[in-house]
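Here is the file coords_9.txt (compact mmCIF, C-alpha atoms).
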```
# COMPACT_ATOMS: atom_id res chain seq x y z
CA MET H 622 88.82 43.64 80.06
CA ARG H 623 90.05 40.36 81.52
CA VAL H 624 92.97 38.75 79.70
CA PRO H 625 92.85 34.92 79.78
CA LEU H 626 96.49 34.71 80.50
CA LYS H 627 98.10 32.12 78.63
CA LEU H 628 100.62 34.77 77.62
CA GLY H 629 103.58 32.49 78.26
CA LEU H 630 102.13 29.49 76.42
CA GLU H 631 102.40 29.02 72.69
CA GLN H 632 99.21 27.99 70.92
CA ARG H 633 99.14 25.32 68.20
CA PRO H 634 97.99 26.82 64.86
CA ARG H 635 94.79 25.50 63.39
CA ARG H 636 92.31 26.41 60.69
CA ARG H 637 88.76 27.45 61.48
CA SER H 638 85.81 29.35 60.02
CA ALA H 639 85.50 33.06 60.88
CA VAL H 640 82.71 35.57 60.27
CA LEU H 641 83.31 39.28 59.69
CA VAL H 642 81.45 41.19 62.42
CA SER H 643 82.71 44.76 61.95
CA LYS H 644 84.70 47.12 59.71
CA ILE H 645 85.78 50.40 61.32
CA ALA H 646 87.67 53.01 59.26
CA LEU H 647 90.55 54.55 61.22
CA THR H 648 92.10 56.71 58.47
CA HIS H 649 91.55 57.16 54.73
CA ASP H 650 93.38 53.87 54.08
CA ILE H 651 93.52 51.98 57.39
CA THR H 652 90.58 49.95 58.70
CA GLU H 653 90.05 47.70 61.71
CA PHE H 654 88.43 44.39 60.71
CA THR H 655 87.03 42.11 63.42
CA PHE H 656 86.15 38.46 62.85
CA LYS H 657 84.39 36.02 65.16
CA THR H 658 85.13 32.31 65.53
CA ALA H 659 83.16 29.68 67.41
CA ASP H 660 86.16 28.83 69.59
CA PRO H 661 88.30 31.11 71.80
CA ALA H 662 90.85 33.39 70.14
CA GLU H 663 94.02 31.88 71.56
CA PHE H 664 97.26 33.55 70.54
CA LEU H 665 100.21 35.43 71.98
CA PRO H 666 100.12 39.25 71.71
CA GLY H 667 102.10 40.18 68.62
CA GLN H 668 101.31 37.05 66.60
CA PHE H 669 99.52 36.88 63.24
CA ALA H 670 96.97 34.73 61.43
CA LEU H 671 96.57 33.65 57.82
CA LEU H 672 93.30 34.67 56.20
CA SER H 673 91.89 32.75 53.24
CA LEU H 674 89.92 35.38 51.30
CA PRO H 675 87.39 34.74 48.50
CA GLY H 676 88.88 35.03 45.04
CA VAL H 677 92.44 35.48 46.32
CA THR H 678 95.09 32.88 45.53
CA GLY H 679 97.02 31.98 48.66
CA ASP H 680 96.48 33.04 52.27
CA ARG H 681 97.30 36.53 53.50
CA ALA H 682 99.10 37.21 56.80
CA TYR H 683 97.71 39.86 59.16
CA SER H 684 98.64 40.53 62.79
CA MET H 685 96.03 40.62 65.53
CA SER H 686 95.51 43.99 67.23
CA ASN H 687 93.44 42.78 70.18
CA LEU H 688 94.11 40.49 73.13
CA PRO H 689 93.47 36.76 73.34
CA ASN H 690 89.92 36.20 74.49
CA GLU H 691 87.37 33.51 75.18
CA GLN H 692 84.74 35.16 72.94
CA GLY H 693 86.52 34.23 69.68
CA SER H 694 87.16 37.82 68.60
CA TRP H 695 90.05 38.41 66.17
CA SER H 696 90.78 42.04 65.24
CA PHE H 697 93.19 43.21 62.55
CA VAL H 698 94.28 46.78 61.72
CA ILE H 699 94.97 46.68 57.98
CA LYS H 700 96.30 49.29 55.56
CA ARG H 701 95.00 49.35 51.99
CA MET H 702 97.85 48.71 49.54
CA THR H 703 97.42 49.72 45.91
CA ASP H 704 98.72 46.37 44.65
CA GLY H 705 97.27 44.20 47.43
CA ALA H 706 94.75 41.63 46.23
CA GLY H 707 93.83 40.66 49.80
CA GLY H 708 93.27 44.28 50.76
CA ARG H 709 91.01 44.90 47.77
CA VAL H 710 88.75 42.02 48.84
CA LEU H 711 88.69 43.10 52.49
CA PHE H 712 88.10 46.79 51.78
CA ASP H 713 85.90 46.63 48.69
CA SER H 714 84.14 43.27 48.54
CA MET H 715 83.62 41.89 52.03
CA SER H 716 80.64 42.83 54.15
CA VAL H 717 79.58 42.07 57.70
CA ASP H 718 78.43 38.44 58.03
CA ASP H 719 80.72 37.23 55.22
CA GLN H 720 82.70 34.12 56.08
CA ILE H 721 86.37 33.24 55.55
CA MET H 722 88.87 30.68 56.84
CA LEU H 723 91.35 31.80 59.50
CA ASP H 724 94.54 29.85 60.21
CA GLY H 725 96.72 30.62 63.21
CA PRO H 726 98.30 31.75 65.32
CA TYR H 727 101.81 32.13 63.86
CA GLY H 728 104.81 34.33 64.52
CA LEU H 729 107.78 34.65 66.85
CA ALA H 730 107.61 38.40 67.55
CA HIS H 731 105.20 38.02 70.44
CA LEU H 732 105.40 39.68 73.84
CA ARG H 733 107.95 38.06 76.13
CA ALA H 734 105.86 37.81 79.28
CA ASP H 735 108.81 36.79 81.43
CA SER H 736 110.78 39.99 80.76
CA THR H 737 110.53 42.98 83.10
CA ARG H 738 112.53 45.37 80.88
CA ASP H 739 111.04 48.61 79.59
CA ILE H 740 109.37 48.18 76.19
CA VAL H 741 109.81 50.25 73.04
CA CYS H 742 107.44 49.60 70.12
CA ILE H 743 108.15 51.06 66.68
CA ALA H 744 105.75 50.81 63.74
CA GLY H 745 104.53 52.23 60.48
CA GLY H 746 101.35 51.55 58.51
CA SER H 747 99.50 48.41 59.54
CA GLY H 748 102.48 47.54 61.75
CA LEU H 749 100.30 49.32 64.27
CA SER H 750 98.21 46.15 64.67
CA PRO H 751 100.59 43.83 66.59
CA MET H 752 101.99 46.75 68.58
CA LEU H 753 98.52 47.47 69.97
CA SER H 754 98.21 43.85 71.07
CA ILE H 755 101.66 43.85 72.67
CA LEU H 756 101.14 47.15 74.48
CA SER H 757 97.67 46.13 75.67
CA ALA H 758 99.06 42.94 77.19
CA ALA H 759 102.14 44.63 78.66
CA SER H 760 100.00 47.31 80.29
CA ARG H 761 97.96 44.59 82.00
CA SER H 762 100.85 42.40 83.15
CA GLY H 763 104.39 42.80 84.42
CA PRO H 764 105.72 45.54 86.72
CA ARG H 765 103.66 48.72 86.84
CA GLU H 766 106.79 50.86 86.81
CA ARG H 767 107.85 49.45 83.43
CA LYS H 768 107.89 52.17 80.77
CA LEU H 769 105.95 51.56 77.55
CA ASP H 770 106.96 53.81 74.64
CA PHE H 771 105.37 53.67 71.19
CA PHE H 772 106.79 55.37 68.08
CA TYR H 773 104.49 55.39 65.06
CA GLY H 774 105.22 56.97 61.70
CA GLY H 775 103.38 57.90 58.52
CA ARG H 776 103.89 60.17 55.55
CA ARG H 777 101.42 62.84 56.64
CA PRO H 778 99.12 63.47 59.63
CA ALA H 779 96.17 61.94 57.73
CA ASP H 780 98.04 58.62 57.78
CA LEU H 781 98.30 58.49 61.57
CA CYS H 782 95.89 56.82 63.97
CA ALA H 783 98.09 55.38 66.73
CA SER H 784 97.27 58.06 69.29
CA THR H 785 93.55 57.63 68.59
CA MET H 786 93.80 53.90 69.19
CA ILE H 787 95.77 54.44 72.40
CA GLU H 788 93.28 57.01 73.64
CA ARG H 789 90.28 54.71 73.30
CA ASP H 790 91.70 52.31 75.93
CA ALA H 791 91.85 53.84 79.41
CA LEU H 792 94.76 51.70 80.56
CA LEU H 793 96.81 52.29 77.41
CA ARG H 794 96.11 56.00 77.73
CA LYS H 795 97.53 55.90 81.24
CA ARG H 796 100.53 53.63 80.64
CA VAL H 797 101.77 54.26 77.08
CA SER H 798 103.76 57.25 75.83
CA CYS H 799 102.87 57.60 72.15
CA PHE H 800 105.07 59.56 69.73
CA SER H 801 103.76 60.14 66.21
CA SER H 802 105.93 61.40 63.34
CA ILE H 803 105.59 62.29 59.66
CA SER H 804 108.21 61.63 57.01
CA ASP H 805 106.99 63.85 54.14
CA SER H 806 109.46 66.73 54.12
CA THR H 807 107.24 68.70 51.69
CA TYR H 808 104.30 68.82 54.11
CA ALA H 809 103.92 72.53 54.93
CA GLU H 810 100.79 72.59 57.10
CA PRO H 811 101.05 73.08 60.88
CA TRP H 812 102.08 69.86 62.64
CA GLY H 813 102.74 69.54 66.35
CA GLY H 814 104.51 66.17 66.23
CA ALA H 815 107.96 65.05 65.19
CA ARG H 816 109.29 65.04 61.63
CA GLY H 817 111.50 62.40 60.05
CA PHE H 818 111.42 58.67 59.49
CA VAL H 819 110.12 56.84 62.52
CA HIS H 820 113.42 55.08 63.22
CA GLU H 821 115.19 58.44 63.24
CA VAL H 822 112.67 59.89 65.67
CA ALA H 823 112.97 56.83 67.90
CA ARG H 824 116.76 57.06 67.85
CA ARG H 825 116.79 60.68 68.96
CA SER H 826 114.57 59.80 71.89
CA LEU H 827 116.59 56.72 72.83
CA GLU H 828 119.89 58.59 72.75
CA ALA H 829 118.43 61.31 74.97
CA GLY H 830 117.05 58.85 77.52
CA SER H 831 118.26 55.92 79.57
CA ASP H 832 120.53 53.13 78.31
CA PRO H 833 119.02 51.79 75.03
CA THR H 834 120.47 48.34 75.74
CA SER H 835 118.25 47.99 78.83
CA LYS H 836 114.99 47.74 76.86
CA ASP H 837 113.05 45.23 74.77
CA TYR H 838 112.15 46.30 71.24
CA TYR H 839 109.14 45.21 69.17
CA PHE H 840 108.73 46.59 65.67
CA CYS H 841 106.60 46.01 62.58
CA GLY H 842 106.00 47.72 59.27
CA PRO H 843 107.22 47.79 55.66
CA PRO H 844 110.46 45.85 55.06
CA ALA H 845 112.47 49.05 54.49
CA MET H 846 111.32 50.37 57.86
CA THR H 847 112.04 47.18 59.79
CA ASP H 848 115.49 46.96 58.18
CA ALA H 849 116.22 50.57 59.18
CA VAL H 850 115.04 49.96 62.75
CA GLN H 851 117.21 46.86 63.07
CA ARG H 852 120.29 48.71 61.78
CA MET H 853 119.60 51.57 64.17
CA LEU H 854 119.30 49.26 67.18
CA LEU H 855 122.45 47.35 66.25
CA ASP H 856 124.27 50.67 65.96
CA LEU H 857 123.10 51.46 69.50
CA LYS H 858 124.55 48.11 70.65
CA VAL H 859 121.14 46.62 71.51
CA PRO H 860 121.48 42.82 71.79
CA VAL H 861 119.71 40.90 69.02
CA SER H 862 118.03 38.85 71.76
CA GLN H 863 116.07 42.00 72.74
CA MET H 864 114.70 42.68 69.23
CA PHE H 865 111.42 41.06 68.16
CA TYR H 866 109.83 41.36 64.71
CA ASP H 867 108.28 39.28 61.96
CA ARG H 868 109.24 40.30 58.45
CA PHE H 869 106.33 40.83 56.05
CA VAL H 870 106.70 41.52 52.33
```

Could you spell out this file's structure in structure tokens?
Amino acid sequence: MRVPLKLGLEQRPRRRSAVLVSKIALTHDITEFTFKTADPAEFLPGQFALLSLPGVTGDRAYSMSNLPNEQGSWSFVIKRMTDGAGGRVLFDSMSVDDQIMLDGPYGLAHLRADSTRDIVCIAGGSGLSPMLSILSAASRSGPRERKLDFFYGGRRPADLCASTMIERDALLRKRVSCFSSISDSTYAEPWGGARGFVHEVARRSLEAGSDPTSKDYYFCGPPAMTDAVQRMLLDLKVPVSQMFYDRFV
């Protein structure tokens, strides 16, 4: 897939009409929604858009999971939240060919295309979405020897889909090392991955590897997770200038 590489250029946000073209279930509560606009999808990997959904007061922010493209395709990996009005509309009410308004792009936690440092992505839940965009772009640009590590956490194996998403892209499969973990200490079934909160799993790996301060870090997920990741990185003496995240509530 060719990336129209305006990766170093910020795009001015604007509002436009978008049509839902596909809904693909990834887990029991995570779905990939793809919308189509008449104009190119111009954004920086890691940014988000605001979706105006029918019957929902106020726009909802969701991060793009795909790459910028001239076809006007905007994909979002979204987790159903029990108290999320936007999610209820997307999961339960919207069908293919339904139309919404899409406003974007926004966000400062986008891929820094001018950096050649190794990249570590850390995510939970729908934080998977911007990490896929960042890793897809990083695997297609920058030095080939740059390491791309991705740590993704969920409560139980049924909550995890990062490795599946990585596997469906040949270049990501080749370039990205994906580490999945579960945090539910009561889960007794066989599990071949790591156990513990995702920031704890990432820390163990970072402390066992090369200098943690020599990498760039992108992370996204629930506020408690992003706070824990930030504290962990500060404890490892990672410069704040090498941490990139947008806080969602």

Review point. Any idea what's packed within 12 Å of H:Ala823, counting all atoms listed in the file, ignoring anything in its chain fewer than 6 positions away? Could you give it as number ranges by chain?
Key: H: 741-744, 770-774, 799-802, 815-817, 829-830, 833, 838, 840, 849-851, 853-854, 857

Review point. For H:Val797, which residue out of H:Thr678, H:Ile740, H:Asp719, H:His820 is the nearest one, using all atoms listed in the file?
Key: H:Ile740

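One finds atom CA of H:Gly842 at 14.2 Å from atom CA of H:Met864.
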
Practice item. May I ask for the distance between atom CA of H:Leu729 and atom CA of H:Ala646, given in Å to one decimal place? Key: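 Computed distance, atom CA of H:Leu729 to atom CA of H:Ala646, equals 28.3 Å.
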
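If only C-alpha atoms are the atoms counted, then among H:Ala779, H:Val677, H:Val819, H:Leu671 the closest residue to H:Leu647 is H:Ala779.
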
Check your understanding: Could you list as a list in words every residue that has an atom within 6 Å of (101.5, 40.6, 78.6), using the file's coordinates and counting only C-alpha atoms?
Key -> Leu628, Ala734, Ala758, Ala759 and Ser762 of chain H

**Study point:** Nearest to H:Leu732 by atom-to-atom distance, counting all atoms listed in the file, from H:Met752, H:Leu827, H:Cys841, H:Cys782
**Key:** H:Met752

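Distances from H:Arg636, H:Arg777, H:Arg767, H:Arg761 to H:His649 were compared using all atoms listed in the file, and the smallest one belongs to H:Arg777.
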
Review point. Mind pulling up the distance from atom CA of H:Asp805 to atom CA of H:Phe669?
Key: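 So the two atoms, atom CA of H:Phe669 and atom CA of H:Asp805, lie 29.4 Å apart.
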
Practice item. Between H:Thr648, H:Ser760, H:Thr655, H:Thr737, single out the one closest to H:Asp780, counting all atoms listed in the file. Key: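 Selected residue with least distance to H:Asp780: H:Thr648.
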
Practice item. Within 12 Å of H:Leu723, counting all atoms listed in the file, which residues show up once you throw out same-chain ones fewer than 3 positions away? Write them as a ChimeraX atom specification, please. Key: /H:634-641,655-660,662,669-674,680-685,693-697,720,726-727

Check your understanding: With distances taken over all atoms listed in the file, which of H:Val642, H:Arg633, H:Lys858, H:Glu691 is nearest to H:Asp718?
Key ->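 Among H:Val642, H:Arg633, H:Lys858, H:Glu691, it is H:Val642 that comes nearest to H:Asp718.
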
Exercise for review: Please identify all polymer residues within 7 Å of H:Ala730, counting all atoms listed in the file, omitting same-chain residues fewer than 3 positions from it, and present them as number ranges by chain.
Suggested key: H: 667-668, 865-867

Go ahead and write the selection's residues with C-alpha atoms as a PDB file, keeping the file's coordinate frame.
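Result written to result16.pdb:
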```pdb
ATOM      1  CA  GLY H 667     102.100  40.180  68.620  1.00  0.00           C
ATOM      2  CA  GLN H 668     101.310  37.050  66.600  1.00  0.00           C
ATOM      3  CA  PHE H 865     111.420  41.060  68.160  1.00  0.00           C
ATOM      4  CA  TYR H 866     109.830  41.360  64.710  1.00  0.00           C
ATOM      5  CA  ASP H 867     108.280  39.280  61.960  1.00  0.00           C
TER       6      ASP H 867
END
```

Using the atoms already present, construct N, CA, C and O atoms for stretch 779-790 of chain H and hand them back as a short mmCIF file (atom, residue, chain, number, x, y, z; two decimals), in the coordinates of the input.
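result14.cif written:
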```cif
data_model
loop_
_atom_site.label_atom_id
_atom_site.label_comp_id
_atom_site.auth_asym_id
_atom_site.auth_seq_id
_atom_site.Cartn_x
_atom_site.Cartn_y
_atom_site.Cartn_z
N ALA H 779 97.38 62.71 58.10
CA ALA H 779 96.17 61.94 57.73
C ALA H 779 96.43 60.44 57.76
O ALA H 779 95.48 59.65 57.79
N ASP H 780 97.70 60.04 57.77
CA ASP H 780 98.04 58.62 57.78
C ASP H 780 98.16 58.05 59.18
O ASP H 780 98.40 56.85 59.35
N LEU H 781 98.02 58.90 60.19
CA LEU H 781 98.30 58.49 61.57
C LEU H 781 97.02 58.22 62.36
O LEU H 781 96.06 58.98 62.28
N CYS H 782 97.04 57.12 63.11
CA CYS H 782 95.89 56.82 63.97
C CYS H 782 96.32 56.16 65.28
O CYS H 782 95.46 55.73 66.05
N ALA H 783 97.62 56.07 65.53
CA ALA H 783 98.09 55.38 66.73
C ALA H 783 97.59 56.05 68.00
O ALA H 783 97.10 55.38 68.92
N SER H 784 97.69 57.36 68.07
CA SER H 784 97.27 58.06 69.29
C SER H 784 95.77 57.89 69.53
O SER H 784 95.33 57.76 70.68
N THR H 785 94.99 57.85 68.45
CA THR H 785 93.55 57.63 68.59
C THR H 785 93.26 56.26 69.17
O THR H 785 92.39 56.10 70.05
N MET H 786 93.99 55.26 68.69
CA MET H 786 93.80 53.90 69.19
C MET H 786 94.24 53.78 70.65
O MET H 786 93.61 53.07 71.44
N ILE H 787 95.31 54.45 71.00
CA ILE H 787 95.77 54.44 72.40
C ILE H 787 94.75 55.13 73.30
O ILE H 787 94.42 54.65 74.39
N GLU H 788 94.21 56.22 72.83
CA GLU H 788 93.28 57.01 73.64
C GLU H 788 91.97 56.28 73.93
O GLU H 788 91.33 56.54 74.95
N ARG H 789 91.57 55.36 73.09
CA ARG H 789 90.28 54.71 73.30
C ARG H 789 90.33 53.63 74.38
O ARG H 789 89.30 53.09 74.76
N ASP H 790 91.52 53.30 74.86
CA ASP H 790 91.70 52.31 75.93
C ASP H 790 92.24 53.04 77.16
O ASP H 790 93.35 53.58 77.13
#
```
